[in-house]
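Below you'll find the structure, written out as structure tokens, and then a few comments.
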Amino acid sequence: MVTMAAMSKQPADSTPYPQDPRSRTAGPWMTDGTYVYVRDAQGLVYVLPDGPHVHPRVLGYARPAMYAGDLTIENGQVVDITNLSGTFKFDDPIELLGVVTQLENQGLVVAAGSTRFFACDGMSPPVTLN
Amino acid sequence: MAMKIAILEDDERRRIAMLDRLQDRMPQYETVFFADAVEMIQWLATHLSDTLAISLDHDLVLQQSGDGKVNDPGTGRQIADYLSQFGPQCPVVFHSTNAPAVAGMELALRDAGWTTYRVSPYDDLAWIPDWFATIRRAIINAARPAASIPQSPGASRVLR
């Protein structure tokens with residue numbers, strides 16, 4: 001069971017893009033590369049290969065998200081995960097750590113020191129959370 | 001005041017493509033473009049401490065002014081030489097096809113302790129995703145450990 005205390009957020013771009021057919025739940029199937037991710041209302045984390053303006057297409061149809069950002073897989077592990085998303089702009093570091101826990105629940109290995117939090121006001125550089 | 005990403009790039013199409021990727025993923029930071037090395041140095045003299053990352057082309061196209069005079073905008077090497085006078089402040093990405101010039105800039109900055117990355121442009125604008133991935137990685141790798149993690153939503157500002 002997933003408990004979601006955080007508030008969901010609508011995408012800044014409310015265009016109802018269809019969900020990208022490559023969008024899948026994150027898991028050990030992921031090959032090396034950079035992905036964008038979105039956590040849906042049920043708490044599951046979905047990913048898409050990185051690209052321009054792809055966050056609205058992860059869930060599609062302007063569905064709200066519980067969190068969003070991007071991450072990199074190297075040698076089968078998550079080596080960095082952030083809250084970077086101009087579409088959703090989540091600004092809660094605790095919820096970012098919640099995404100890490102969820103990714104582990106979905107079968108991914110997250111390397112120590114991989115979580116980078118970017119304050120949404122842009123007034124400071126990113127910090128490492130774990 | 002938002003931190004800045006400073007880019008020496010005189011090609012308008014490249015600028016648009018770079019800005020598009022940066023605004024899509026990290027719109028909280030201000031992107032500042034320069035087409036003239038001296039202008040960039042003047043700007044860095046007052047903004048280096050609030051610069052998050054720097055990206056440098058090397059070769060810049062001569063600029064023609066309205067009265068027919070030609071202005072030499074300099075090269076990225078001038079920026080590298082300027083920065084090398086200081087201790088490292090932020091990561092620097094080189095995005096130039098001039099490999100010997102990039103090697104020189106890299107040496108100047110690494111000798112001064114700066115962390116550098118390089119991307120070699122190819123196929124018109126096809127390399128821009130590689131450039132964005134590199135500048136993203138450069139910024140991420142420069143992150144420092146958080147002083148503390150806030151216990152309640154909205155308290156993220158203590159993380160500076």
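Quick note on naming: the chains in the structure tokens go A, B, ... in the order shown, residues restart at 1 in each chain, and ligands are numbered from 1 in order of appearance.
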Using only C-alpha atoms, which residues sit within 6 Å of Ala65 of chain A once same-chain residues fewer than 4 positions away are excluded, as a PyMOL selection string?
chain A and resi 8-9+39-40
Limited to C-alpha atoms, could you put the picked residues into a file as a PDB file, in the first residue's frame?
ATOM      1  CA  SER A   8      -0.583  16.552  -6.553  1.00  0.00           C
ATOM      2  CA  LYS A   9       0.234  19.194  -9.102  1.00  0.00           C
ATOM      3  CA  ARG A  39       5.084   9.814  -9.850  1.00  0.00           C
ATOM      4  CA  ASP A  40       1.372   9.311 -10.427  1.00  0.00           C
TER       5      ASP A  40
END
Could you list, as an MDAnalysis selection string, the residues of chain B having an atom within 7 Å of chain A when counting only C-alpha atoms?
chainID B and resid 1:3 21 23:29 52 140 143:146 153:154 156 160
Which one of B:Ile16, B:Val119, B:Ala80, B:Ile7 sits closest to Ile54 of chain B if you count only C-alpha atoms?
B:Ile7
Env of Leu56 of chain B: 8 Å cut, atoms = only C-alpha atoms, seq-sep filter 2 positions within chain, self excluded. Answer as a list in words.
Ile7, Leu8, Glu9, Ile54, His58, Gly76, Val92, Val93, Phe94, His95 and Ser96 of chain B
Suppose we keep N, CA and C atoms; can you now write the selection as an mmCIF file, in the first residue's frame?
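Heads up, here's the output in again-v6.cif:
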data_model
loop_
_atom_site.group_PDB
_atom_site.id
_atom_site.type_symbol
_atom_site.label_atom_id
_atom_site.label_comp_id
_atom_site.auth_asym_id
_atom_site.auth_seq_id
_atom_site.Cartn_x
_atom_site.Cartn_y
_atom_site.Cartn_z
ATOM 1 N N ILE B 7 26.785 31.508 -21.039
ATOM 2 C CA ILE B 7 27.166 30.774 -22.249
ATOM 3 C C ILE B 7 27.769 31.723 -23.278
ATOM 4 N N LEU B 8 28.975 31.374 -23.750
ATOM 5 C CA LEU B 8 29.595 32.105 -24.863
ATOM 6 C C LEU B 8 29.231 31.377 -26.147
ATOM 7 N N GLU B 9 28.322 31.955 -26.900
ATOM 8 C CA GLU B 9 27.827 31.314 -28.126
ATOM 9 C C GLU B 9 27.235 32.402 -29.023
ATOM 10 N N ILE B 54 29.243 27.437 -16.561
ATOM 11 C CA ILE B 54 29.680 28.234 -17.717
ATOM 12 C C ILE B 54 29.871 27.279 -18.889
ATOM 13 N N HIS B 58 34.699 28.331 -28.646
ATOM 14 C CA HIS B 58 36.013 28.978 -28.799
ATOM 15 C C HIS B 58 36.001 30.015 -29.913
ATOM 16 N N GLY B 76 36.932 32.037 -26.881
ATOM 17 C CA GLY B 76 36.682 31.443 -25.565
ATOM 18 C C GLY B 76 37.938 31.352 -24.723
ATOM 19 N N VAL B 92 32.800 24.141 -15.844
ATOM 20 C CA VAL B 92 32.882 24.775 -17.162
ATOM 21 C C VAL B 92 32.770 23.685 -18.234
ATOM 22 N N VAL B 93 31.891 23.910 -19.190
ATOM 23 C CA VAL B 93 31.709 22.993 -20.326
ATOM 24 C C VAL B 93 32.249 23.673 -21.574
ATOM 25 N N PHE B 94 33.058 22.969 -22.355
ATOM 26 C CA PHE B 94 33.521 23.490 -23.645
ATOM 27 C C PHE B 94 32.673 22.866 -24.743
ATOM 28 N N HIS B 95 32.119 23.708 -25.607
ATOM 29 C CA HIS B 95 31.338 23.167 -26.733
ATOM 30 C C HIS B 95 31.890 23.772 -28.023
ATOM 31 N N SER B 96 32.983 23.214 -28.499
ATOM 32 C CA SER B 96 33.643 23.739 -29.693
ATOM 33 C C SER B 96 34.208 22.581 -30.498
#
To test your reading of the structure, identify every residue in segment 6-153 of chain B that backbone DSSP assigns to strand (DSSP E), and report it as a list in words.
Ala6, Ile7, Leu8, Glu30, Thr31, Val32, Phe33, Phe34, Thr51, Leu52, Ala53, Ile54, Ser55, Leu56, Gln63, Gln64, Val70, Asn71, Val92, Val93, Phe94, His95, Thr116, Tyr117, Arg118, Val119, Arg144 and Pro145 of chain B
Have a look at B:Ile135, B:Arg13, B:Ser120, B:Lys69 and name the one nearest to Ser55 of chain B; count only C-alpha atoms.
B:Ile135
Surrounding residues of Ser23 of chain A excluding itself and chain neighbours under 5 positions, 6 Å, only C-alpha atoms, as a ChimeraX atom specification
/A:47-48,58
Based on the selection just made, write all heavy atoms of those residues as a PDB file, in the first residue's frame.
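After the write, again-v4.pdb holds the following:
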ATOM      1  N   VAL A  47       8.548   6.319 -16.193  1.00  0.00           N
ATOM      2  CA  VAL A  47       9.712   6.945 -16.836  1.00  0.00           C
ATOM      3  C   VAL A  47       9.573   6.958 -18.352  1.00  0.00           C
ATOM      4  O   VAL A  47       8.841   6.158 -18.941  1.00  0.00           O
ATOM      5  CB  VAL A  47      11.027   6.211 -16.471  1.00  0.00           C
ATOM      6  CG1 VAL A  47      11.364   6.383 -15.006  1.00  0.00           C
ATOM      7  CG2 VAL A  47      10.972   4.740 -16.863  1.00  0.00           C
ATOM      8  N   LEU A  48      10.317   7.908 -18.939  1.00  0.00           N
ATOM      9  CA  LEU A  48      10.455   8.032 -20.394  1.00  0.00           C
ATOM     10  C   LEU A  48      11.916   8.380 -20.684  1.00  0.00           C
ATOM     11  O   LEU A  48      12.522   9.131 -19.917  1.00  0.00           O
ATOM     12  CB  LEU A  48       9.620   9.197 -20.905  1.00  0.00           C
ATOM     13  CG  LEU A  48       8.323   8.978 -21.641  1.00  0.00           C
ATOM     14  CD1 LEU A  48       7.765  10.320 -22.103  1.00  0.00           C
ATOM     15  CD2 LEU A  48       8.513   8.059 -22.821  1.00  0.00           C
ATOM     16  N   VAL A  58       4.622  11.785 -19.993  1.00  0.00           N
ATOM     17  CA  VAL A  58       4.888  10.571 -19.216  1.00  0.00           C
ATOM     18  C   VAL A  58       3.558   9.957 -18.762  1.00  0.00           C
ATOM     19  O   VAL A  58       3.307   8.756 -18.969  1.00  0.00           O
ATOM     20  CB  VAL A  58       5.796  10.868 -18.007  1.00  0.00           C
ATOM     21  CG1 VAL A  58       6.008   9.599 -17.183  1.00  0.00           C
ATOM     22  CG2 VAL A  58       7.135  11.422 -18.477  1.00  0.00           C
TER      23      VAL A  58
END
Using only C-alpha atoms, determine which residues lie at most 12 Å from Gln85 of chain B, disregarding the query and same-chain residues fewer than 4 positions distant; provide the list as an NGL selection string.
:B and (45 or 78-81 or 89 or 108-114)
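Between Phe34 of chain B and the residues B:Thr134, B:Ser148, B:Thr75, B:Gln64, the shortest atom-to-atom distance, using only C-alpha atoms, involves B:Thr75.
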Considering only C-alpha atoms, return as a PyMOL selection string whatever protein or nucleic-acid residues lie within 8 Å of Ser14 of chain A, sequence-local ones (same chain, fewer than 3 positions apart) excluded.
chain A and resi 10-11+62
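Proximity ranking of A:Gly98, A:Pro64, A:Pro56, A:Gly76 relative to Pro18 of chain A places A:Pro56 first, based on only C-alpha atoms.
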